[in-house]
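As C-alpha cells, the structure follows; a few thoughts come after it.
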Amino acid sequence: MPRILLIDDTPEIAELLTFSLRDLGYEVFASGFTEAVNELIAERHADALVLDCTAFDMSEALFDSVRNHTDHAELPVVIISDTPEQADSSLRSRNAQRVLLIPKPFTGAQVGRALAQLLE
C-alpha cells in the first residue's frame with residue numbers, strides 16, 4: 001500500500017481528500033502547512049507527497065525544500081493549485097520532474113489517478 005504524505009492548510013479539504021485516497025488504497029498521513037516536510041517524509045516513509053496550500057508560494061516553498069533534500073529529490077509530488085498557470089510556469093522554470101499539477105476544483109479520483117501515474 002503506497003504511503004502518501006498530504007500537506008493541506010485547509011483541514012476540511014485534507015479530511016475529505018484523506019478519506020478519498022484511503023478508499024483508493026493509499027495509506028495517507030495528513031498535516032497542515034509545515035516547514036518540517038522533509039522530517040515528515042522520512043518519519044512516515046512516504047512514497048509520494050500531495051501539496052495543497054492556499055497560496056501557491058507556500059506549496060512552491062515546500063516543493064523546493066523537498067527537491068533540495070538529497071534523500072527526497074526524486075519523490076513524486078502532486079501539487080493542487082488554484083493558480084495553475086502560475087504553478088505550471090514556476091514548475092517549468094525549475095524543469096521539475098516527477099511532479100503533476102492538478103487545478104482546483106479537483107476530485108479525490110483525479111489526485112488518485114495522478115498518484116498512480118507518478119508511482120508506476
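Starting from 1 in every chain, residues are counted up; chains themselves are A, B, ... following the order of the C-alpha cells, and ligands are numbered from 1 as listed.
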Any idea what's packed within 10 Å of Ala114 in chain A, counting only C-alpha atoms, ignoring anything in its chain fewer than 2 positions away? Could you give it as a PyMOL selection string?
chain A and resi 50+76-79+99-102+108-112+116-119
Report the residues of chain A whose backbone DSSP state falls under helix (DSSP H, G or I), written as an MDAnalysis selection string.
chainID A and resid 11:23 37:44 56:67 84:93 108:119
Extract, using only C-alpha atoms, all DNA, RNA and protein residues at most 9 Å from Pro105 in chain A, discarding same-chain residues fewer than 2 positions from it, and format them as a ChimeraX atom specification.
/A:80-82,102-103,107
Identify, on the basis of only C-alpha atoms, every residue whose closest approach to Ala55 in chain A does not exceed 12 Å; exclude the query and any residue fewer than 6 positions from it along the same chain; express the result as a list in words.
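In the requested format, the answer is Asp8, Asp9, Thr10, Phe33, Ala61, Leu62, Ile79, Ile80, Ser81, Asp82, Thr83, Pro84, Gln86 and Ala87 of chain A.
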Just write the chosen residues, N, CA, C and O atoms, as a compact mmCIF listing (two decimals), in the first residue's frame.
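Once everything was written out, this is selection_18.txt:
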# COMPACT_ATOMS: atom_id res chain seq x y z
N ASP A 8 -1.92 19.95 3.58
CA ASP A 8 -3.04 20.80 3.18
C ASP A 8 -3.33 21.77 4.31
O ASP A 8 -3.43 21.36 5.46
N ASP A 9 -3.46 23.05 3.98
CA ASP A 9 -3.69 24.04 5.02
C ASP A 9 -5.17 24.28 5.31
O ASP A 9 -5.51 25.14 6.11
N THR A 10 -6.05 23.49 4.69
CA THR A 10 -7.48 23.57 4.96
C THR A 10 -7.93 22.22 5.53
O THR A 10 -8.02 21.24 4.80
N PHE A 33 0.14 22.93 6.90
CA PHE A 33 1.38 23.50 6.38
C PHE A 33 2.47 23.41 7.44
O PHE A 33 2.27 23.76 8.59
N ALA A 61 7.42 26.68 -1.89
CA ALA A 61 8.49 26.62 -0.88
C ALA A 61 8.69 25.20 -0.38
O ALA A 61 9.83 24.74 -0.22
N LEU A 62 7.58 24.48 -0.15
CA LEU A 62 7.70 23.09 0.30
C LEU A 62 8.29 22.21 -0.80
O LEU A 62 9.12 21.34 -0.54
N ILE A 79 0.85 18.53 -6.96
CA ILE A 79 0.54 19.86 -6.46
C ILE A 79 -0.85 20.24 -6.94
O ILE A 79 -1.15 20.17 -8.13
N ILE A 80 -1.69 20.62 -5.99
CA ILE A 80 -3.04 21.09 -6.29
C ILE A 80 -3.01 22.61 -6.17
O ILE A 80 -2.52 23.14 -5.18
N SER A 81 -3.51 23.30 -7.21
CA SER A 81 -3.35 24.75 -7.21
C SER A 81 -4.58 25.46 -7.76
O SER A 81 -5.19 25.00 -8.72
N ASP A 82 -4.91 26.60 -7.14
CA ASP A 82 -5.97 27.44 -7.68
C ASP A 82 -5.41 28.48 -8.64
O ASP A 82 -6.15 29.29 -9.20
N THR A 83 -4.09 28.46 -8.83
CA THR A 83 -3.43 29.31 -9.83
C THR A 83 -2.57 28.42 -10.73
O THR A 83 -1.34 28.52 -10.72
N PRO A 84 -3.21 27.55 -11.52
CA PRO A 84 -2.44 26.55 -12.28
C PRO A 84 -1.48 27.15 -13.31
O PRO A 84 -0.42 26.58 -13.55
N GLN A 86 0.26 29.98 -13.04
CA GLN A 86 1.43 30.40 -12.28
C GLN A 86 2.24 29.19 -11.84
O GLN A 86 3.47 29.16 -11.94
N ALA A 87 1.55 28.18 -11.34
CA ALA A 87 2.23 26.97 -10.86
C ALA A 87 2.95 26.26 -12.01
O ALA A 87 4.10 25.85 -11.87
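Of the listed residues (A:Asn38, A:Ser20, A:Ser93, A:Ser31), A:Asn38 comes nearest to Phe63 in chain A; the distances count only C-alpha atoms.
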Quick one: residues within 8 Å of Ala30 in chain A, only C-alpha atoms, excluding same-chain residues fewer than 6 positions away - as a PyMOL selection string?
chain A and resi 5-8+14+18
Determine the nearest neighbour of Phe29 in chain A from the options A:His45, A:Cys53, A:Ile4, A:Leu16, counting only C-alpha atoms.
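Closest to Phe29 in chain A of all the choices is A:Ile4.
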Would you work out the distance separating CA of Ser65 in chain A from CA of Ile41 in chain A, expressed in Å to one decimal?
11.5 Å
Of the candidates A:Arg94, A:Lys104, A:Arg44, A:His72, which shows the shortest atom-to-atom distance to Glu60 in chain A, using only C-alpha atoms?
A:Arg94
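CA of Arg3 in chain A lies 20.6 Å from CA of Asp64 in chain A.
Closest approach to Glu12 in chain A among A:Ala73, A:Val66, A:Asp52, A:Ser89: A:Asp52, based on only C-alpha atoms.
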Give me, please, the distance in Å between CA of Gly25 in chain A and CA of Glu74 in chain A, quoted to one decimal.
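Taking CA of Gly25 in chain A as the start and CA of Glu74 in chain A as the end point, the length is 22.2 Å.
If only C-alpha atoms are the atoms counted, then among A:Asp23, A:Leu75, A:Glu85, A:Met58 the closest residue to Glu35 in chain A is A:Met58.
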Counting only C-alpha atoms, the option among A:Leu24, A:Ala96, A:Leu49, A:Ala42 closest to Asp71 in chain A:
A:Ala42
Write out as a list in words the set of residues from chain A that DSSP, computed on the backbone, places in strand (DSSP E).
Arg3, Ile4, Leu5, Leu6, Ile7, Asp8, Glu27, Val28, Phe29, Ala30, Ser31, Ala48, Leu49, Val50, Leu51, Asp52, Val77, Val78, Ile79, Ile80, Ser81, Val99, Leu100, Leu101, Ile102 and Pro103 of chain A
